[in-house]
Amino acid sequence: MDPREIDAVFALLSNATRRSVLRYLVDAEETTARELARTLTMEAPDSDTRAIDDSRQVVATALVHNHLPRLDEYDIVEYDGTPDEVTPGPNFDAVEPFVEPLEEFDGESAD
């Protein structure tokens, strides 16, 4: 990897949502933006169903308009918006070794 690629990887991994997406794909290998939003909002401790639904919509919007396109731009995931399928991209294997060690720090993340 050249220094620009390393900078891009660290910039992408600086966001907890993108790290969560990548961790999910390590195990699932295929998902949808809707399933990712559901999974990510289930991690948040909140017992109010309406708040969870609102949060899920916010997360889904951020995934579709921000996080998934960014990861797709670098071929880390493959996502084109329709049919809403998200899979590991050609560069996923290059990023995967960075993902799991960061998991322990996500509780302390400033994002």
# chains A, B, ... in the order shown; residues from 1 in each chain; ligands from 1
>>> select_by_dssp(residues="stretch 54-105 of chain A", states="strand (DSSP E)", output="list in words")
Val77, Glu78, Glu85, Val86, Thr87 and Pro88 of chain A
>>> select_by_dssp(residues="stretch 2-107 of chain A", states="alpha helix (DSSP H)", output="PyMOL selection string")
chain A and resi 3-13+16-28+33-42+49-62+68-73+92-102
>>> closest_atom_pairs(of="stretch 31-107 of chain A", to="stretch 22-25 of chain A", cutoff="9 Å", atoms="only C-alpha atoms", output="tab-separated table")
residue	atom	partner	partner_atom	distance
A:Thr31	CA	A:Leu25	CA	7.6
A:Leu36	CA	A:Tyr24	CA	8.0
A:Thr39	CA	A:Tyr24	CA	8.8
A:Ile76	CA	A:Leu22	CA	8.7
A:Val77	CA	A:Leu22	CA	8.4
A:Val86	CA	A:Leu25	CA	8.5
A:Thr87	CA	A:Leu25	CA	7.1
A:Pro88	CA	A:Leu25	CA	6.6
A:Phe92	CA	A:Leu22	CA	8.3
A:Val95	CA	A:Leu22	CA	8.7
A:Glu96	CA	A:Leu22	CA	7.5
A:Val99	CA	A:Arg23	CA	6.5
A:Glu100	CA	A:Arg23	CA	6.9
A:Glu103	CA	A:Arg23	CA	8.3
>>> write_last_selection(atoms="C-alpha atoms", output="mmCIF file, in the first residue's frame")
data_model
loop_
_atom_site.group_PDB
_atom_site.id
_atom_site.type_symbol
_atom_site.label_atom_id
_atom_site.label_comp_id
_atom_site.auth_asym_id
_atom_site.auth_seq_id
_atom_site.Cartn_x
_atom_site.Cartn_y
_atom_site.Cartn_z
ATOM 1 C CA THR A 31 -26.435 -7.765 3.667
ATOM 2 C CA LEU A 36 -27.338 -2.866 8.593
ATOM 3 C CA THR A 39 -28.399 -4.165 13.388
ATOM 4 C CA ILE A 76 -14.063 -1.840 0.063
ATOM 5 C CA VAL A 77 -17.731 -2.706 -0.321
ATOM 6 C CA VAL A 86 -24.059 -4.667 0.278
ATOM 7 C CA THR A 87 -21.173 -7.092 -0.181
ATOM 8 C CA PRO A 88 -17.414 -6.983 0.397
ATOM 9 C CA PHE A 92 -12.147 -5.546 1.499
ATOM 10 C CA VAL A 95 -8.872 -3.371 5.133
ATOM 11 C CA GLU A 96 -10.142 -6.340 7.137
ATOM 12 C CA VAL A 99 -11.095 -3.660 11.510
ATOM 13 C CA GLU A 100 -11.112 -6.232 14.296
ATOM 14 C CA GLU A 103 -13.422 -3.091 17.886
#
>>> atom_distance(atom1="atom CA of A:Arg56", atom2="atom CA of A:Thr41")
5.7 Å
>>> closest_residue(among="A:Asp27, A:Pro3, A:Arg38, A:Thr32", to="A:Asp54", atoms="only C-alpha atoms")
A:Arg38
>>> residues_around(residues="A:Gln57", least_positions_apart="5", cutoff="10 Å", atoms="only C-alpha atoms", output="count of residues only")
8
>>> closest_residue(among="A:Tyr74, A:Pro97, A:Asn66, A:Leu102", to="A:Arg4", atoms="only C-alpha atoms")
A:Tyr74
>>> closest_residue(among="A:Leu40, A:Gly89, A:Pro69, A:Glu30", to="A:Asp53", atoms="only C-alpha atoms")
A:Leu40
>>> atom_distance(atom1="atom CA of A:Val9", atom2="atom CA of A:Val26")
16.3 Å
>>> closest_residue(among="A:Pro101, A:Asp84, A:Ile6, A:Met42", to="A:Arg19", atoms="only C-alpha atoms")
A:Pro101
>>> atom_distance(atom1="atom CA of A:Thr82", atom2="atom CA of A:Phe10")
27.6 Å
